[in-house]
>>> print(open('final.cif').read())   # mmCIF, C-alpha atoms
data_target
loop_
_atom_site.label_atom_id
_atom_site.label_comp_id
_atom_site.auth_asym_id
_atom_site.auth_seq_id
_atom_site.Cartn_x
_atom_site.Cartn_y
_atom_site.Cartn_z
CA MET A 44 -99.09 -17.25 8.16
CA ARG A 45 -98.89 -16.11 4.55
CA LYS A 46 -96.45 -13.35 5.51
CA ALA A 47 -94.33 -15.76 7.52
CA CYS A 48 -94.07 -18.14 4.56
CA GLY A 49 -93.09 -15.27 2.27
CA ILE A 50 -90.42 -14.00 4.65
CA LEU A 51 -89.08 -17.53 5.14
CA THR A 52 -88.83 -18.07 1.40
CA ALA A 53 -87.13 -14.71 0.84
CA LEU A 54 -84.60 -15.45 3.58
CA PHE A 55 -83.88 -18.87 2.17
CA VAL A 56 -83.35 -17.48 -1.33
CA LEU A 57 -81.06 -14.76 0.05
CA CYS A 58 -79.01 -17.28 2.04
CA SER A 59 -78.78 -19.59 -0.97
CA VAL A 60 -77.55 -16.80 -3.23
CA CYS A 61 -74.95 -15.80 -0.63
CA GLY A 62 -73.93 -19.44 -0.28
CA ALA A 63 -73.54 -19.82 -4.03
CA ALA A 64 -71.38 -16.72 -4.20
CA ALA A 65 -69.16 -18.11 -1.46
CA GLY A 66 -68.20 -21.13 -3.54
CA GLU A 67 -64.51 -21.56 -4.29
CA MET A 68 -61.21 -20.07 -3.27
CA LEU A 69 -57.71 -20.13 -4.66
CA SER A 70 -54.94 -21.06 -2.29
CA VAL A 71 -51.36 -20.17 -3.20
CA ARG A 72 -48.34 -21.49 -1.30
CA LEU A 73 -44.70 -20.49 -1.65
CA VAL A 74 -42.35 -23.39 -1.06
CA TYR A 75 -38.59 -23.46 -0.84
CA ALA A 76 -37.12 -26.67 -2.24
CA SER A 77 -33.54 -27.81 -1.93
CA ASP A 78 -31.38 -30.87 -2.12
CA ARG A 79 -30.34 -30.57 1.51
CA PRO A 80 -31.44 -33.46 3.63
CA GLY A 81 -34.63 -32.73 5.49
CA GLY A 82 -38.28 -33.46 5.57
CA SER A 83 -41.21 -31.38 4.55
CA ASP A 84 -43.56 -29.04 6.35
CA LYS A 85 -46.96 -30.02 7.73
CA GLY A 86 -48.68 -27.52 5.44
CA LEU A 87 -47.49 -29.47 2.41
CA GLU A 88 -48.83 -32.90 3.31
CA ASP A 89 -51.31 -32.89 0.44
CA VAL A 90 -48.67 -32.18 -2.23
CA VAL A 91 -45.40 -33.53 -0.85
CA ASP A 92 -45.68 -36.85 -2.66
CA LEU A 93 -46.44 -35.05 -5.90
CA LEU A 94 -43.41 -32.79 -5.37
CA LYS A 95 -41.09 -35.70 -4.53
CA ARG A 96 -42.20 -37.63 -7.59
CA THR A 97 -41.89 -34.79 -10.09
CA ILE A 98 -39.24 -32.47 -8.63
CA VAL A 99 -36.48 -34.66 -7.36
CA LEU A 100 -35.44 -32.57 -4.37
CA LYS A 101 -35.24 -33.71 -0.76
CA HIS A 102 -36.31 -30.77 1.35
CA TYR A 103 -39.53 -28.76 1.04
CA LEU A 104 -40.21 -25.82 3.29
CA LEU A 105 -43.43 -23.83 3.32
CA ARG A 106 -42.39 -20.19 3.29
CA ASP A 107 -45.66 -18.37 2.85
CA SER A 108 -49.26 -18.85 1.86
CA SER A 109 -52.20 -16.74 0.84
CA SER A 110 -55.63 -17.12 -0.70
CA ALA A 111 -58.24 -15.31 -2.76
CA ALA A 112 -61.94 -15.79 -3.40
CA LEU A 113 -62.88 -16.86 -6.91
CA PRO A 114 -63.37 -15.29 -9.34
CA ALA A 115 -60.26 -13.38 -8.35
CA ASP A 116 -58.73 -10.06 -9.22
CA LYS A 117 -56.09 -9.82 -6.59
CA THR A 118 -52.36 -9.52 -6.10
CA LEU A 119 -51.13 -11.86 -3.40
CA ALA A 120 -47.91 -11.11 -1.56
CA LEU A 121 -45.89 -14.28 -0.98
CA GLY A 122 -42.35 -13.79 0.33
CA ASP A 123 -40.51 -11.68 -2.23
CA TYR A 124 -43.11 -12.38 -4.87
CA ALA A 125 -46.27 -10.66 -5.92
CA VAL A 126 -48.66 -13.06 -7.60
CA ARG A 127 -51.43 -11.42 -9.57
CA CYS A 128 -54.43 -13.68 -10.16
CA ARG A 129 -57.27 -12.64 -12.43
CA GLY A 130 -60.32 -14.58 -13.51
CA GLU A 131 -62.13 -17.71 -12.46
CA ALA A 132 -60.75 -21.21 -11.99
CA GLY A 133 -61.62 -22.24 -15.54
CA ASP A 134 -59.76 -19.33 -17.13
CA MET A 135 -57.18 -17.74 -14.90
CA ARG A 136 -54.37 -15.41 -15.76
CA ILE A 137 -51.45 -15.54 -13.37
CA GLU A 138 -48.51 -13.15 -13.35
CA VAL A 139 -45.53 -13.59 -11.05
CA PHE A 140 -43.46 -10.58 -10.11
CA ARG A 141 -40.41 -10.19 -7.95
CA GLY A 142 -40.06 -6.56 -7.03
CA ARG A 143 -41.12 -4.69 -10.13
CA LYS A 144 -39.87 -7.34 -12.49
CA ARG A 145 -42.29 -9.75 -14.00
CA LEU A 146 -40.84 -13.23 -14.11
CA LEU A 147 -43.62 -14.95 -16.00
CA LYS A 148 -47.23 -14.85 -17.02
CA THR A 149 -49.46 -17.78 -17.73
CA ASN A 150 -53.03 -18.63 -18.53
CA VAL A 151 -54.33 -21.74 -16.84
CA THR A 152 -57.43 -23.83 -16.28
CA LEU A 153 -57.50 -24.85 -12.65
CA LYS A 154 -59.52 -27.83 -11.49
CA ARG A 155 -60.79 -28.06 -7.95
CA GLY A 156 -58.50 -30.18 -5.79
CA LYS A 157 -55.94 -30.64 -8.59
CA PRO A 158 -52.78 -28.67 -7.78
CA LEU A 159 -50.76 -26.65 -10.24
CA VAL A 160 -47.09 -26.38 -9.36
CA LEU A 161 -45.08 -23.55 -10.83
CA GLY A 162 -41.45 -24.16 -10.02
CA GLY A 163 -37.90 -23.21 -10.81
CA LEU A 164 -38.02 -19.69 -9.43
CA PRO A 165 -34.61 -18.60 -8.16
CA ALA A 166 -34.59 -18.67 -4.37
CA ALA A 167 -34.02 -15.24 -2.89
CA GLY A 168 -30.75 -14.98 -0.99
CA GLU A 169 -30.00 -18.67 -1.32
CA GLN A 170 -26.99 -20.19 -3.03
CA GLU A 171 -28.89 -23.31 -3.83
CA GLY A 172 -32.46 -24.42 -4.04
CA ARG A 173 -35.45 -23.18 -5.93
CA GLU A 174 -38.76 -21.71 -5.06
CA ILE A 175 -42.10 -23.12 -6.06
CA LEU A 176 -45.60 -21.71 -6.17
CA ILE A 177 -48.47 -24.14 -5.64
CA PHE A 178 -51.93 -23.12 -6.81
CA LEU A 179 -54.93 -25.07 -5.55
CA VAL A 180 -58.64 -24.39 -5.95
CA LYS A 181 -60.66 -25.45 -2.94
CA LYS A 182 -64.20 -25.26 -1.70
CA ARG A 183 -64.57 -22.28 0.59
CA MET B 206 -154.40 -63.39 -21.15
CA LYS B 207 -156.76 -61.18 -19.18
CA ARG B 208 -155.84 -63.06 -16.07
CA LEU B 209 -152.19 -62.53 -16.71
CA TRP B 210 -152.62 -58.78 -16.94
CA LYS B 211 -154.58 -58.82 -13.71
CA GLU B 212 -151.76 -60.59 -11.99
CA ILE B 213 -149.23 -58.16 -13.33
CA ARG B 214 -151.28 -55.18 -12.17
CA GLN B 215 -151.67 -56.73 -8.75
CA GLY B 216 -147.95 -57.48 -8.59
CA LEU B 217 -147.06 -53.93 -9.45
CA LYS B 218 -149.47 -52.64 -6.82
CA ASP B 219 -147.81 -54.85 -4.23
CA MET B 220 -144.34 -53.63 -5.23
CA LYS B 221 -145.35 -49.99 -5.07
CA THR B 222 -143.74 -48.29 -2.12
CA GLU B 223 -145.58 -45.90 -0.03
CA ALA B 224 -144.82 -42.40 -1.22
CA SER B 225 -144.33 -39.97 1.59
CA PRO B 226 -144.75 -36.52 0.13
CA LYS B 227 -143.21 -33.90 2.36
CA SER B 228 -145.14 -30.87 3.35
CA PRO B 229 -143.65 -27.58 2.02
CA GLU B 230 -142.61 -26.53 5.57
CA VAL B 231 -140.70 -29.76 6.12
CA PHE B 232 -139.16 -29.59 2.66
CA TRP B 233 -137.88 -25.98 3.07
CA GLU B 234 -136.69 -26.60 6.60
CA ASP B 235 -134.70 -29.55 5.35
CA PHE B 236 -133.42 -27.56 2.38
CA ARG B 237 -132.24 -24.66 4.58
CA ALA B 238 -130.52 -27.05 6.95
CA ARG B 239 -128.62 -28.70 4.09
CA ALA B 240 -127.78 -25.35 2.52
CA SER B 241 -126.37 -23.97 5.78
CA LEU B 242 -124.29 -27.13 6.21
CA ARG B 243 -122.88 -26.70 2.68
CA ASN B 244 -121.96 -23.04 3.36
CA ARG B 245 -120.18 -24.05 6.51
CA GLU B 246 -118.04 -26.63 4.63
CA THR B 247 -117.09 -24.04 2.01
CA ALA B 248 -116.07 -21.60 4.73
CA VAL B 249 -113.87 -24.22 6.34
CA GLU B 250 -112.26 -25.00 2.97
CA ARG B 251 -111.69 -21.30 2.31
CA GLU B 252 -109.99 -20.92 5.67
CA HIS B 253 -107.55 -23.82 5.26
CA PHE B 254 -106.81 -23.92 1.55
CA PRO B 255 -104.63 -20.75 1.31
CA VAL B 256 -102.51 -21.90 4.23
CA LEU B 257 -101.91 -25.24 2.58
CA ARG B 258 -101.25 -23.56 -0.74
CA TRP B 259 -98.70 -21.20 0.79
CA ALA B 260 -97.04 -24.02 2.70
CA ALA B 261 -96.80 -26.04 -0.52
CA ALA B 262 -95.44 -23.04 -2.41
CA THR B 263 -92.83 -22.45 0.30
CA VAL B 264 -91.73 -26.08 0.24
CA PHE B 265 -91.57 -25.98 -3.55
CA ALA B 266 -89.51 -22.77 -3.49
CA ILE B 267 -87.10 -24.27 -0.97
CA VAL B 268 -86.69 -27.45 -3.00
CA ALA B 269 -86.29 -25.53 -6.28
CA VAL B 270 -83.69 -23.10 -4.90
CA SER B 271 -81.81 -25.93 -3.16
CA ALA B 272 -81.70 -27.87 -6.39
CA ALA B 273 -80.52 -24.84 -8.34
CA VAL B 274 -77.81 -23.96 -5.84
CA ILE B 275 -76.61 -27.31 -4.54
CA LEU B 276 -76.95 -29.63 -7.49
CA PRO B 277 -74.62 -27.83 -9.94
CA GLY B 278 -71.84 -28.01 -7.35
CA VAL B 279 -72.51 -31.64 -6.55
CA MET B 280 -73.04 -32.72 -10.14
CA ARG B 281 -70.07 -30.83 -11.54
CA GLU B 282 -67.26 -33.21 -12.17
CA ASP B 283 -63.79 -31.80 -11.93
CA THR B 284 -62.35 -34.35 -14.26
CA GLY B 285 -58.81 -34.12 -15.50
CA VAL B 286 -56.02 -32.09 -14.08
CA SER B 287 -55.25 -28.40 -14.12
CA VAL B 288 -54.04 -27.30 -17.54
CA VAL B 289 -51.54 -24.68 -18.66
CA ASN B 290 -53.02 -22.99 -21.72
CA SER B 291 -50.12 -20.62 -22.31
CA ILE B 292 -46.98 -19.50 -20.55
CA GLU B 293 -44.49 -16.75 -21.18
CA VAL B 294 -41.36 -16.51 -19.08
CA THR B 295 -39.81 -13.07 -19.24
CA ALA B 296 -36.89 -13.82 -16.94
CA GLN B 297 -33.82 -15.48 -18.42
CA HIS B 298 -34.21 -19.26 -18.54
CA SER B 299 -33.12 -22.26 -20.56
CA GLY B 300 -36.40 -24.13 -20.97
CA ILE B 301 -39.84 -25.02 -19.67
CA VAL B 302 -41.00 -28.50 -18.78
CA ILE B 303 -44.68 -29.24 -18.16
CA THR B 304 -45.51 -32.61 -16.64
CA ARG B 305 -48.63 -34.25 -15.33
CA ASP B 306 -48.49 -36.43 -12.29
CA GLU B 307 -51.28 -38.95 -12.62
CA PRO B 308 -51.20 -40.38 -9.05
CA GLY B 309 -51.16 -36.93 -7.46
CA GLU B 310 -53.49 -35.50 -10.13
CA GLY B 311 -51.23 -32.49 -10.35
CA THR B 312 -49.64 -30.44 -13.09
CA VAL B 313 -46.06 -29.29 -12.69
CA VAL B 314 -44.45 -26.48 -14.63
CA TRP B 315 -40.70 -26.28 -14.17
CA VAL B 316 -38.77 -23.34 -15.53
CA ALA B 317 -35.17 -24.46 -15.89
CA ASP B 318 -32.25 -22.25 -14.93
CA MET B 319 -34.36 -19.21 -14.34
CA LYS B 320 -32.28 -16.19 -13.43
CA MET B 321 -33.13 -12.67 -12.49
CA ARG B 322 -31.95 -10.18 -15.13
CA GLU B 323 -29.40 -8.52 -12.89
CA GLU B 324 -27.97 -11.97 -12.07
CA ALA B 325 -27.56 -12.78 -15.76
#
>>> encode(input="final.cif", output="structure tokens")
Amino acid sequence: MRKACGILTALFVLCSVCGAAAGEMLSVRLVYASDRPGGSDKGLEDVVDLLKRTIVLKHYLLRDSSSAALPADKTLALGDYAVRCRGEAGDMRIEVFRGRKRLLKTNVTLKRGKPLVLGGLPAAGEQEGREILIFLVKKR
Amino acid sequence: MKRLWKEIRQGLKDMKTEASPKSPEVFWEDFRARASLRNRETAVEREHFPVLRWAAATVFAIVAVSAAVILPGVMREDTGVSVVNSIEVTAQHSGIVITRDEPGEGTVVWVADMKMREEA
């Protein structure tokens, strides 16, 4: 009985520690935005109102998405971009590259469920429109 | 006065209960029986107490670990929106606008007229 209790406790502690480690994840979406008439993709339902209010464009198309466990030290490939994310949600360094060229670097504090939109990136191979990166911290 | 004392003595005699002194055999037999009963109770307590103690310790450990793991996540308030602490745009651009959208609780960074270097 004593052994069983000990084993049970150890298992519970182990599971709890694993559960705590598997806490949050960073989701990154690449969106193409243009002034052409059109709706928006299903994968953007949570942010489309935010985009329409702040970036006055009509059409939003989800081009790619990726994610990383937090704290992160990972380069995510999204379309033509490489997005390097380092750190935890409260202090994250983000660098955006296209090919070998770095377009920008930023240091941000991300709050869970509160999206950060990084827009104005020139759309690859498009005459018009811009590309947007949306960063969102979620529960894993 | 003498009569009074007589009455008192008689009264006390009447109240006196019959003492029933036990013989040594009866006394020791009784003593051994009680002692064996006491030992048996102690043995029973010894058998059950560790189990209860371990069960209580296990429950306590589970509650303590749950509180330590679950509560910080539940209690933590993600107030405010995401914040841009610093930004450096290396590509050619004309300006940066940072806005907060209160209804959507989002932060929007817009880099105006960004161009790739070879396009510039």
>>> residues_around(input="final.cif", residues="segment 109-124 of chain A", least_positions_apart="3", cutoff="6 Å", atoms="all atoms listed in the file", output="number ranges by chain")
A: 67-71, 127-131, 140-141
>>> closest_atom_pairs(input="final.cif", of="segment 56-142 of chain A", to="segment 293-304 of chain B", cutoff="12 Å", atoms="all atoms listed in the file", output="Markdown table")
| residue | atom | partner | partner_atom | distance |
| --- | --- | --- | --- | --- |
| A:Leu93 | CA | B:Thr304 | CA | 11.1 |
| A:Leu94 | CA | B:Thr304 | CA | 11.5 |
| A:Arg96 | CA | B:Thr304 | CA | 10.9 |
| A:Thr97 | CA | B:Thr304 | CA | 7.8 |
| A:Ile98 | CA | B:Thr304 | CA | 10.2 |
| A:Arg136 | CA | B:Glu293 | CA | 11.3 |
| A:Ile137 | CA | B:Glu293 | CA | 10.5 |
| A:Glu138 | CA | B:Glu293 | CA | 9.5 |
| A:Val139 | CA | B:Val294 | CA | 9.5 |
| A:Phe140 | CA | B:Ala296 | CA | 10.0 |
| A:Arg141 | CA | B:Ala296 | CA | 10.3 |
>>> resolve_selection(input="final.cif", expression="the PyMOL selection byres ((chain A and resi 105) around 8)", output="list of chain:residue names")
A:Arg72, A:Leu73, A:Val74, A:Tyr75, A:Ser83, A:Asp84, A:Gly86, A:Leu87, A:Tyr103, A:Leu104, A:Arg106, A:Asp107, A:Ser108
>>> resolve_selection(input="final.cif", expression="the PyMOL selection byres ((chain A) within 6 of (chain B))", output="PyMOL selection string")
chain A and resi 93+146-154+157-163
>>> write_last_selection(input="final.cif", atoms="C-alpha atoms", output="PDB file, in the frame of the given file")
ATOM      1  CA  LEU A  93     -46.440 -35.050  -5.900  1.00  0.00           C
ATOM      2  CA  LEU A 146     -40.840 -13.230 -14.110  1.00  0.00           C
ATOM      3  CA  LEU A 147     -43.620 -14.950 -16.000  1.00  0.00           C
ATOM      4  CA  LYS A 148     -47.230 -14.850 -17.020  1.00  0.00           C
ATOM      5  CA  THR A 149     -49.460 -17.780 -17.730  1.00  0.00           C
ATOM      6  CA  ASN A 150     -53.030 -18.630 -18.530  1.00  0.00           C
ATOM      7  CA  VAL A 151     -54.330 -21.740 -16.840  1.00  0.00           C
ATOM      8  CA  THR A 152     -57.430 -23.830 -16.280  1.00  0.00           C
ATOM      9  CA  LEU A 153     -57.500 -24.850 -12.650  1.00  0.00           C
ATOM     10  CA  LYS A 154     -59.520 -27.830 -11.490  1.00  0.00           C
ATOM     11  CA  LYS A 157     -55.940 -30.640  -8.590  1.00  0.00           C
ATOM     12  CA  PRO A 158     -52.780 -28.670  -7.780  1.00  0.00           C
ATOM     13  CA  LEU A 159     -50.760 -26.650 -10.240  1.00  0.00           C
ATOM     14  CA  VAL A 160     -47.090 -26.380  -9.360  1.00  0.00           C
ATOM     15  CA  LEU A 161     -45.080 -23.550 -10.830  1.00  0.00           C
ATOM     16  CA  GLY A 162     -41.450 -24.160 -10.020  1.00  0.00           C
ATOM     17  CA  GLY A 163     -37.900 -23.210 -10.810  1.00  0.00           C
TER      18      GLY A 163
END
>>> resolve_selection(input="final.cif", expression="the PyMOL selection byres ((chain A and resi 77-79) around 10)", output="compact mmCIF listing (two decimals) with C-alpha atoms, in the coordinates of the input")
# COMPACT_ATOMS: atom_id res chain seq x y z
CA VAL A 74 -42.35 -23.39 -1.06
CA TYR A 75 -38.59 -23.46 -0.84
CA ALA A 76 -37.12 -26.67 -2.24
CA PRO A 80 -31.44 -33.46 3.63
CA GLY A 81 -34.63 -32.73 5.49
CA GLY A 82 -38.28 -33.46 5.57
CA ILE A 98 -39.24 -32.47 -8.63
CA VAL A 99 -36.48 -34.66 -7.36
CA LEU A 100 -35.44 -32.57 -4.37
CA LYS A 101 -35.24 -33.71 -0.76
CA HIS A 102 -36.31 -30.77 1.35
CA TYR A 103 -39.53 -28.76 1.04
CA LEU A 104 -40.21 -25.82 3.29
CA ALA A 166 -34.59 -18.67 -4.37
CA GLU A 169 -30.00 -18.67 -1.32
CA GLU A 171 -28.89 -23.31 -3.83
CA GLY A 172 -32.46 -24.42 -4.04
CA ARG A 173 -35.45 -23.18 -5.93
CA GLU A 174 -38.76 -21.71 -5.06
>>> atom_distance(input="final.cif", atom1="atom CA of Lys227 of chain B", atom2="atom CA of Arg243 of chain B")
21.6 Å
>>> atom_distance(input="final.cif", atom1="atom CA of Ala272 of chain B", atom2="atom CA of Gly66 of chain A")
15.4 Å
>>> atom_distance(input="final.cif", atom1="atom CA of Phe232 of chain B", atom2="atom CA of Leu217 of chain B")
28.3 Å
>>> axis_aligned_box(input="final.cif", around="segment 312-319 of chain B", padding_each_side="6 Å", output="AutoDock Vina command-line options")
--center_x -40.9 --center_y -24.8 --center_z -14.3 --size_x 29.4 --size_y 23.2 --size_z 15.2
